[in-house]
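**Q** One file is attached below, final16.csv, containing CSV, C-alpha atoms.
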chain,number,residue,atom,x,y,z
C,164,MET,CA,121.8,192.0,211.4
C,165,LYS,CA,121.1,189.6,214.2
C,166,SER,CA,117.5,188.8,213.0
C,167,LEU,CA,118.9,188.5,209.4
C,168,THR,CA,121.2,185.7,210.8
C,169,GLY,CA,118.2,184.2,212.4
C,170,LEU,CA,116.2,184.2,209.2
C,171,GLY,CA,119.3,182.7,207.5
C,172,ILE,CA,119.3,179.9,210.0
C,173,LEU,CA,115.6,179.3,209.7
C,174,LEU,CA,115.8,179.1,205.9
C,175,ALA,CA,118.8,176.9,206.0
C,176,LEU,CA,117.1,174.4,208.3
C,177,GLN,CA,113.9,174.5,206.2
C,178,SER,CA,116.1,173.7,203.1
C,179,LEU,CA,117.8,170.9,204.9
C,180,GLY,CA,114.4,169.7,206.1
C,181,GLU,CA,113.2,169.6,202.5
C,182,VAL,CA,116.2,167.6,201.4
C,183,LEU,CA,115.8,165.1,204.3
C,184,SER,CA,112.0,164.9,203.8
C,185,LYS,CA,112.3,164.2,200.1
C,186,GLY,CA,115.4,162.2,200.2
C,187,PHE,CA,114.3,159.7,202.9
C,188,HIS,CA,110.5,159.9,202.1
C,189,LEU,CA,109.8,161.1,205.6
C,190,PRO,CA,106.1,161.5,206.7
C,191,PHE,CA,106.9,165.1,207.8
C,192,PRO,CA,106.9,168.0,205.2
C,193,GLY,CA,110.2,169.9,204.9
C,194,PRO,CA,109.3,172.8,207.3
C,195,VAL,CA,108.3,170.4,210.0
C,196,VAL,CA,111.6,168.5,209.7
C,197,GLY,CA,113.2,171.9,209.9
C,198,MET,CA,111.3,172.5,213.1
C,199,LEU,CA,112.6,169.3,214.6
C,200,LEU,CA,116.2,170.2,213.5
C,201,LEU,CA,115.8,173.6,215.1
C,202,LEU,CA,114.9,172.0,218.4
C,203,VAL,CA,118.4,170.5,218.3
C,204,VAL,CA,120.1,173.6,217.1
C,205,LEU,CA,118.6,175.7,219.9
C,206,GLN,CA,120.8,173.9,222.4
C,207,TRP,CA,123.6,175.9,221.0
C,208,PRO,CA,123.6,179.5,222.5
C,209,SER,CA,125.3,181.3,219.6
C,210,ALA,CA,122.5,180.1,217.3
C,211,ARG,CA,119.7,180.5,219.8
C,212,GLU,CA,119.9,184.3,220.2
C,213,PRO,CA,119.5,185.4,216.6
C,214,VAL,CA,116.9,182.6,215.9
C,215,ILE,CA,114.7,183.5,218.8
C,216,GLY,CA,114.6,187.2,217.8
C,217,CYS,CA,113.6,186.3,214.3
C,218,ALA,CA,111.1,183.6,215.4
C,219,GLN,CA,109.3,186.1,217.7
C,220,PHE,CA,108.9,188.5,214.8
C,221,LEU,CA,107.6,185.8,212.4
C,222,LEU,CA,105.3,184.2,215.0
C,223,SER,CA,103.8,187.4,216.3
C,224,HIS,CA,102.7,188.1,212.7
C,225,LEU,CA,101.7,184.5,211.9
C,226,SER,CA,98.2,185.6,211.1
C,227,LEU,CA,99.4,187.9,208.3
C,228,LEU,CA,101.1,184.9,206.6
C,229,PHE,CA,97.7,183.1,206.2
C,230,ILE,CA,96.0,185.9,204.3
C,231,PRO,CA,97.3,185.2,200.7
C,232,VAL,CA,96.0,181.6,200.8
C,233,GLY,CA,92.8,182.6,202.7
C,234,VAL,CA,91.9,185.0,200.0
C,235,GLY,CA,92.0,181.9,197.7
C,236,VAL,CA,88.6,181.0,199.0
C,237,MET,CA,87.2,183.5,196.4
C,238,THR,CA,88.1,180.9,193.8
C,239,HIS,CA,85.9,178.4,195.6
C,240,LEU,CA,82.8,180.6,196.1
C,241,ASP,CA,80.6,178.0,194.4
C,242,LEU,CA,81.4,175.4,197.0
C,243,VAL,CA,80.9,177.9,199.8
C,244,ALA,CA,77.5,179.0,198.5
C,245,ARG,CA,76.4,175.5,198.1
C,246,TYR,CA,77.7,173.9,201.3
C,247,GLY,CA,78.5,176.9,203.5
C,248,VAL,CA,75.9,176.2,206.2
C,249,ARG,CA,76.7,172.6,206.5
C,250,ILE,CA,80.5,173.3,206.6
C,251,PHE,CA,79.8,175.9,209.3
C,252,VAL,CA,77.9,173.4,211.4
C,253,ALA,CA,80.6,170.8,211.1
C,254,VAL,CA,83.3,173.4,212.1
C,255,VAL,CA,81.4,174.8,215.1
C,256,VAL,CA,80.4,171.4,216.6
C,257,SER,CA,83.9,169.8,216.1
C,258,THR,CA,85.7,172.9,217.5
C,259,ALA,CA,83.5,172.8,220.6
C,260,ILE,CA,84.2,169.0,221.0
C,261,GLY,CA,87.9,169.5,220.5
C,262,LEU,CA,88.1,172.3,223.1
C,263,GLY,CA,86.1,170.3,225.6
C,264,VAL,CA,87.8,167.0,225.2
C,265,THR,CA,91.3,168.5,225.4
C,266,ALA,CA,90.6,170.6,228.5
C,267,LEU,CA,88.9,167.8,230.4
C,268,THR,CA,91.6,165.2,229.5
C,269,LEU,CA,94.5,167.4,230.5
C,270,ARG,CA,92.8,168.5,233.7
C,271,TRP,CA,92.1,164.9,234.6
C,272,LEU,CA,95.6,163.7,233.8
C,273,ILE,CA,97.4,166.6,235.7
C,274,ALA,CA,95.1,166.1,238.7
C,275,SER,CA,95.7,162.4,238.8
C,276,LYS,CA,99.5,163.0,238.6
C,277,ALA,CA,99.3,165.5,241.4
C,278,ALA,CA,97.3,163.1,243.6
C,279,ASN,CA,99.9,160.4,243.0
C,280,PRO,CA,103.2,162.1,242.5
C,281,GLY,CA,105.3,159.0,243.1
C,282,ALA,CA,103.8,157.2,240.2
C,283,PRO,CA,106.3,156.3,237.5
C,284,ASP,CA,104.9,158.9,235.1
C,285,ALA,CA,107.0,161.5,233.3
E,150,MET,CA,90.5,209.4,183.0
E,151,PRO,CA,91.9,206.9,180.5
E,152,GLU,CA,95.4,207.6,181.9
E,153,PHE,CA,94.1,206.6,185.3
E,154,VAL,CA,92.6,203.4,183.9
E,155,GLN,CA,95.9,202.6,182.2
E,156,LEU,CA,97.8,203.2,185.4
E,157,TRP,CA,95.4,201.0,187.4
E,158,VAL,CA,95.7,198.2,184.8
E,159,TYR,CA,99.5,198.5,185.1
E,160,LEU,CA,99.5,198.5,188.9
E,161,ALA,CA,96.9,195.7,189.3
E,162,SER,CA,99.0,193.4,187.1
E,163,SER,CA,102.3,194.0,188.9
E,164,PRO,CA,103.3,191.9,191.9
E,165,LEU,CA,103.7,195.1,193.8
E,166,PHE,CA,99.9,195.4,194.0
E,167,GLY,CA,99.2,192.1,195.7
E,168,LEU,CA,102.0,192.6,198.2
E,169,THR,CA,101.1,196.1,199.1
E,170,ALA,CA,97.3,195.4,199.3
E,171,THR,CA,97.9,192.4,201.6
E,172,LEU,CA,100.2,194.3,204.0
E,173,GLY,CA,98.0,197.4,203.9
E,174,VAL,CA,94.7,195.7,204.6
E,175,TYR,CA,96.3,193.6,207.3
E,176,LEU,CA,97.7,196.6,209.1
E,177,LEU,CA,94.3,198.3,209.0
E,178,ALA,CA,92.6,195.2,210.2
E,179,GLN,CA,95.1,194.9,213.0
E,180,ALA,CA,94.5,198.5,214.0
E,181,PHE,CA,90.8,197.9,214.0
E,182,TYR,CA,91.3,194.7,216.2
E,183,MET,CA,93.3,196.8,218.7
E,184,ARG,CA,90.6,199.5,218.7
E,185,MET,CA,88.0,196.9,219.5
E,186,GLN,CA,90.1,195.8,222.5
E,187,GLN,CA,91.1,192.5,220.7
E,188,ALA,CA,87.5,191.2,220.7
E,189,PRO,CA,87.5,187.7,219.0
E,190,TRP,CA,84.9,188.7,216.4
E,191,ALA,CA,87.2,191.5,215.2
E,192,ASN,CA,89.8,188.9,214.2
E,193,PRO,CA,92.3,190.5,211.8
E,194,VAL,CA,92.7,187.4,209.6
E,195,LEU,CA,89.0,187.1,209.0
E,196,TRP,CA,88.5,190.7,208.1
E,197,SER,CA,91.6,190.9,206.0
E,198,VAL,CA,90.5,187.9,203.9
E,199,VAL,CA,86.9,189.2,203.6
E,200,THR,CA,88.1,192.7,202.6
E,201,LEU,CA,90.7,191.5,200.1
E,202,ALA,CA,88.4,188.9,198.5
E,203,CYS,CA,85.6,191.5,198.1
E,204,GLY,CA,88.1,194.1,196.8
E,205,LEU,CA,89.5,191.8,194.2
E,206,HIS,CA,86.1,190.7,193.2
E,207,LEU,CA,84.8,194.3,192.8
E,208,THR,CA,87.9,195.5,190.9
E,209,GLY,CA,88.0,192.4,188.7
E,210,VAL,CA,91.6,191.5,189.6
E,211,ALA,CA,92.0,187.7,189.2
E,212,TYR,CA,93.3,185.7,192.2
E,213,PRO,CA,96.5,184.5,190.3
E,214,SER,CA,97.6,188.0,189.6
E,215,TYR,CA,97.0,189.0,193.2
E,216,PHE,CA,98.9,185.9,194.4
E,217,ALA,CA,101.9,186.8,192.2
E,218,GLY,CA,102.6,189.6,194.7
E,219,ALA,CA,101.1,188.0,197.8
E,220,GLN,CA,103.3,184.9,197.4
E,221,PHE,CA,106.2,186.8,199.0
E,222,ILE,CA,104.3,186.9,202.2
E,223,HIS,CA,103.0,183.4,201.7
E,224,PHE,CA,106.6,182.2,201.3
E,225,LEU,CA,107.4,183.2,204.9
E,226,LEU,CA,105.1,180.4,206.2
E,227,GLY,CA,107.9,177.9,205.7
E,228,PRO,CA,110.4,179.6,208.0
E,229,ALA,CA,107.5,180.4,210.4
E,230,VAL,CA,106.7,176.7,210.8
E,231,VAL,CA,110.4,176.0,211.5
E,232,ALA,CA,110.3,178.8,214.1
E,233,LEU,CA,107.6,177.0,216.0
E,234,ALA,CA,110.4,175.0,217.6
E,235,CYS,CA,111.1,178.1,219.7
E,236,PRO,CA,108.0,178.1,221.9
E,237,LEU,CA,108.4,174.3,222.3
E,238,TRP,CA,112.0,174.8,223.3
E,239,GLU,CA,111.3,177.6,225.7
E,240,ARG,CA,108.7,175.4,227.5
E,241,ARG,CA,110.9,172.3,227.7
E,242,ALA,CA,110.6,172.3,231.6
E,243,LEU,CA,106.8,172.0,231.3
E,244,VAL,CA,107.2,169.3,228.7
E,245,ARG,CA,109.6,167.4,230.9
E,246,THR,CA,107.2,167.4,233.8
E,247,TYR,CA,103.9,166.7,232.0
E,248,TRP,CA,104.9,165.1,228.8
E,249,ARG,CA,102.7,162.1,229.1
E,250,ALA,CA,99.6,164.1,230.1
E,251,LEU,CA,100.3,166.6,227.3
E,252,LEU,CA,100.7,163.9,224.7
E,253,TRP,CA,97.5,162.1,225.6
E,254,ALA,CA,95.5,165.4,225.8
E,255,ALA,CA,96.8,166.5,222.4
E,256,LEU,CA,96.0,163.2,220.9
E,257,ALA,CA,92.5,163.0,222.4
E,258,GLY,CA,91.7,166.6,221.5
E,259,GLY,CA,93.1,166.6,218.0
E,260,ALA,CA,91.5,163.3,217.1
E,261,SER,CA,88.1,164.2,218.5
E,262,ALA,CA,88.1,167.5,216.7
E,263,SER,CA,89.2,166.0,213.4
E,264,LEU,CA,87.1,162.9,213.5
E,265,SER,CA,83.9,164.8,214.6
E,266,ALA,CA,84.4,167.3,211.7
E,267,VAL,CA,84.9,164.5,209.2
E,268,GLY,CA,82.1,162.4,210.5
E,269,LEU,CA,79.6,165.3,210.6
E,270,ALA,CA,80.6,166.5,207.1
E,271,TRP,CA,80.3,163.0,205.7
E,272,ALA,CA,76.9,162.5,207.4
E,273,MET,CA,75.6,165.8,205.9
E,274,GLY,CA,76.7,164.7,202.5
E,275,LEU,CA,79.5,167.1,201.7
E,276,PRO,CA,81.8,166.2,198.8
E,277,PRO,CA,85.0,164.2,199.6
E,278,ASP,CA,87.4,167.0,198.8
E,279,VAL,CA,85.6,169.3,201.3
E,280,VAL,CA,85.5,166.5,203.9
E,281,ALA,CA,89.3,165.9,203.5
E,282,SER,CA,89.9,169.7,203.8
E,283,LEU,CA,88.0,169.6,207.1
E,284,ALA,CA,90.2,166.9,208.6
E,285,THR,CA,93.1,169.3,209.2
E,286,LYS,CA,91.0,172.1,210.7
E,287,SER,CA,92.8,172.1,214.1
E,288,VAL,CA,96.3,172.4,212.6
E,289,THR,CA,97.9,175.7,211.9
E,290,ALA,CA,97.1,176.8,208.3
E,291,PRO,CA,100.5,176.3,206.5
E,292,VAL,CA,100.7,172.7,207.8
E,293,ALA,CA,97.0,172.0,207.3
E,294,MET,CA,97.4,173.0,203.6
E,295,GLY,CA,100.2,170.5,203.1
E,296,ILE,CA,98.4,167.6,204.9
E,297,ALA,CA,95.1,168.4,203.1
E,298,GLU,CA,96.8,168.2,199.7
E,299,LYS,CA,98.2,164.8,200.6
E,300,ILE,CA,94.9,163.3,201.6
E,301,GLY,CA,92.9,164.7,198.6
E,302,GLY,CA,91.7,168.0,200.0
E,303,VAL,CA,91.9,171.5,198.6
E,304,PRO,CA,94.7,173.6,200.2
E,305,ALA,CA,92.9,176.9,200.0
E,306,LEU,CA,89.8,175.4,201.7
E,307,ALA,CA,91.9,173.8,204.4
E,308,ALA,CA,93.5,177.2,205.1
E,309,VAL,CA,90.1,178.8,205.3
E,310,PHE,CA,88.6,176.1,207.5
E,311,ALA,CA,91.7,176.2,209.8
E,312,SER,CA,91.3,180.0,210.1
E,313,ILE,CA,87.6,179.8,210.9
E,314,THR,CA,88.3,177.1,213.4
E,315,GLY,CA,90.9,179.2,215.1
E,316,ILE,CA,88.6,182.3,215.3
E,317,LEU,CA,85.7,180.2,216.6
E,318,SER,CA,87.9,178.6,219.3
E,319,ALA,CA,88.8,182.1,220.5
E,320,LEU,CA,85.1,183.1,220.4
E,321,ILE,CA,83.5,180.1,222.2
E,322,GLY,CA,86.4,178.8,224.3
E,323,LYS,CA,85.5,180.7,227.5
E,324,PHE,CA,81.8,179.6,227.3
E,325,ILE,CA,82.8,175.9,226.8
E,326,PHE,CA,85.3,175.9,229.6
E,327,ASP,CA,82.9,177.6,232.1
E,328,ARG,CA,80.2,175.1,231.1
E,329,LEU,CA,82.5,172.2,231.8
E,330,GLY,CA,83.6,173.6,235.1
E,331,ILE,CA,87.3,174.2,234.2
E,332,ALA,CA,88.3,176.4,237.2
E,333,ARG,CA,90.4,179.5,236.9
E,334,THR,CA,93.2,177.9,239.0
E,335,ARG,CA,96.7,177.3,237.7
E,336,VAL,CA,95.8,173.8,236.5
E,337,GLY,CA,92.6,175.2,235.0
E,338,TRP,CA,94.4,177.9,233.1
E,339,MET,CA,96.9,175.3,231.8
E,340,ALA,CA,94.0,173.1,230.6
E,341,ARG,CA,92.2,176.1,229.0
E,342,GLY,CA,95.3,177.3,227.2
E,343,PHE,CA,96.3,173.8,226.0
E,344,ALA,CA,92.8,173.2,224.7
E,345,LEU,CA,92.9,176.6,222.8
E,346,GLY,CA,96.2,175.7,221.2
E,347,THR,CA,95.1,172.2,220.4
E,348,ALA,CA,91.7,172.9,218.9
E,349,GLY,CA,92.4,176.5,217.7
E,350,HIS,CA,96.1,176.5,216.8
E,351,GLY,CA,97.7,179.9,216.3
E,352,VAL,CA,94.6,182.0,216.6
E,353,GLY,CA,93.5,180.2,219.8
E,354,ALA,CA,97.0,180.4,221.2
E,355,ALA,CA,97.1,184.2,220.6
E,356,ARG,CA,93.8,184.4,222.5
E,357,ALA,CA,95.2,182.3,225.4
E,358,MET,CA,98.3,184.5,225.6
E,359,GLN,CA,96.1,187.6,226.0
E,360,VAL,CA,94.1,186.1,228.8
E,361,ASN,CA,96.6,184.4,231.1
E,362,PRO,CA,100.4,183.7,230.9
E,363,ASP,CA,100.0,180.0,232.1
E,364,ALA,CA,97.4,179.5,229.4
E,365,GLY,CA,99.5,181.2,226.8
E,366,ALA,CA,102.6,179.0,227.5
E,367,MET,CA,100.5,175.8,227.2
E,368,ALA,CA,98.8,177.1,224.0
E,369,GLY,CA,102.1,177.7,222.3
E,370,LEU,CA,103.2,174.2,223.2
E,371,ALA,CA,99.9,172.7,222.1
E,372,LEU,CA,100.2,174.3,218.7
E,373,GLY,CA,103.6,172.8,218.0
E,374,LEU,CA,102.5,169.4,219.3
E,375,GLN,CA,99.5,169.4,217.1
E,376,VAL,CA,101.7,170.1,214.0
E,377,LEU,CA,103.8,167.0,214.8
E,378,LEU,CA,100.9,164.7,215.6
E,379,ALA,CA,98.7,165.7,212.7
E,380,THR,CA,101.4,165.5,210.0
E,381,VAL,CA,102.0,161.8,210.9
E,382,LEU,CA,98.6,160.7,212.0
E,383,ILE,CA,96.1,162.3,209.6
E,384,PRO,CA,97.7,160.8,206.4
E,385,LEU,CA,98.2,157.5,208.3
E,386,CYS,CA,94.5,157.4,209.3
E,387,ASN,CA,93.5,158.4,205.7
E,388,SER,CA,95.5,155.5,204.2
E,389,LEU,CA,94.0,153.0,206.7
E,390,LEU,CA,90.3,154.1,206.2
Now, as a test, write the supplied structure out as structure tokens.

**A**
Amino acid sequence: MKSLTGLGILLALQSLGEVLSKGFHLPFPGPVVGMLLLLVVLQWPSAREPVIGCAQFLLSHLSLLFIPVGVGVMTHLDLVARYGVRIFVAVVVSTAIGLGVTALTLRWLIASKAANPGAPDA
Amino acid sequence: MPEFVQLWVYLASSPLFGLTATLGVYLLAQAFYMRMQQAPWANPVLWSVVTLACGLHLTGVAYPSYFAGAQFIHFLLGPAVVALACPLWERRALVRTYWRALLWAALAGGASASLSAVGLAWAMGLPPDVVASLATKSVTAPVAMGIAEKIGGVPALAAVFASITGILSALIGKFIFDRLGIARTRVGWMARGFALGTAGHGVGAARAMQVNPDAGAMAGLALGLQVLLATVLIPLCNSLL
């Protein structure tokens, strides 16, 4: 019952997000607006408990939710056959770059904050 | 035998088939993943997609009739994206302490991954819709699909590229971090986790959570941040270029 309440809250926020996103031509899609709204709603303990239960269930099976669209690659097999190798190269190289740049940037910024804790940072 | 064929034709065209097949194959892939001690190459998304696509191809079931059932699972992506606020909220103390460092690292990592993918794909002469679908590769698949559609990409390709990126980040992360000398200290784990969540979204984050709790917390945060940054910045860059 509790997780059902949680799902209800998530769906309600997503709907509200869709309305706001479409109504005000926001740059965020409906679910992302819903996510921002949920950040506010979570301040409120009676909503927090059911939402966190349901969220944990959904997020722990997030990978299941990608499968229906992922299978859609079968409708683009011609593209994959033609460009598969080049796509793979682009994905591997850019993933390595992304991982390296993020880790080095964050380590450097945290280290410089630790070295100078009085600095007017966050 | 003809009765069996009739029964199959009936089942294959009902939404029940797509839904059951998706859930069943995923559960098997998940069991296999656990049996393989959660080795990155045994990734359940990868193997479920491969198994289902081959299965549909061999049995001659068209993708739209499969999706008629699988859409019920697909639909849950919306509430799942809303639910991403929970890991962000739970780590609000971390965000408060390090928000500036986190924001810059997320921007630098997300931009370098996306721009290098687009640049390489363009240089290798890939068609524009494939290039656009590669731009969103570091964003969690449901959001990547939406952004890709906006900038002239193909949602299904964007979802697949995002999944491959996530799996790869889980596979090569350790090697890259060791090479760059990211230590296994608390700060090092934070940087490793944040990088996995930034470059490899949900799949990378799941990997980080297995390895170290500090890394896992940062990865969950990075995943949510990347969603926010990418939905604004990728369409914006696209309209400027």

**Q** Atom CA of Leu200 of chain C to atom CA of Leu176 of chain C: how many Å, to one decimal?

**A**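 Those two atoms sit 6.7 Å apart.
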
**Q** Pull out every residue of chain E sitting within 6 Å of chain C, counting all atoms listed in the file, and send them as a ChimeraX atom specification.

**A** /E:194,198,202,219,222-223,227-232,234,246,250,254,258,261-262,265-266,269-270,305,308-309,340-341,344,348,380-381

**Q** Kindly export the residues of the current selection with C-alpha atoms, as a CSV table (one decimal), keeping the file's coordinate frame.

**A**
chain,number,residue,atom,x,y,z
E,194,VAL,CA,92.7,187.4,209.6
E,198,VAL,CA,90.5,187.9,203.9
E,202,ALA,CA,88.4,188.9,198.5
E,219,ALA,CA,101.1,188.0,197.8
E,222,ILE,CA,104.3,186.9,202.2
E,223,HIS,CA,103.0,183.4,201.7
E,227,GLY,CA,107.9,177.9,205.7
E,228,PRO,CA,110.4,179.6,208.0
E,229,ALA,CA,107.5,180.4,210.4
E,230,VAL,CA,106.7,176.7,210.8
E,231,VAL,CA,110.4,176.0,211.5
E,232,ALA,CA,110.3,178.8,214.1
E,234,ALA,CA,110.4,175.0,217.6
E,246,THR,CA,107.2,167.4,233.8
E,250,ALA,CA,99.6,164.1,230.1
E,254,ALA,CA,95.5,165.4,225.8
E,258,GLY,CA,91.7,166.6,221.5
E,261,SER,CA,88.1,164.2,218.5
E,262,ALA,CA,88.1,167.5,216.7
E,265,SER,CA,83.9,164.8,214.6
E,266,ALA,CA,84.4,167.3,211.7
E,269,LEU,CA,79.6,165.3,210.6
E,270,ALA,CA,80.6,166.5,207.1
E,305,ALA,CA,92.9,176.9,200.0
E,308,ALA,CA,93.5,177.2,205.1
E,309,VAL,CA,90.1,178.8,205.3
E,340,ALA,CA,94.0,173.1,230.6
E,341,ARG,CA,92.2,176.1,229.0
E,344,ALA,CA,92.8,173.2,224.7
E,348,ALA,CA,91.7,172.9,218.9
E,380,THR,CA,101.4,165.5,210.0
E,381,VAL,CA,102.0,161.8,210.9

**Q** What lies within 8 Å of segment 383-385 of chain E using only C-alpha atoms, ignoring chain neighbours under 4 positions off, as a ChimeraX atom specification?

**A** /E:284-285,296,299-300,379,389

**Q** If I take atom CA of Leu377 of chain E and atom CA of Lys185 of chain C, how far is one from the other in Å, to one decimal?

**A**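 Here the two named atoms are 17.2 Å from each other.
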
**Q** Work out how far atom CA of Ala366 of chain E is from atom CA of Ala180 of chain E, in Å to one decimal.

**A**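 Distance reported for this atom pair: 25.1 Å.
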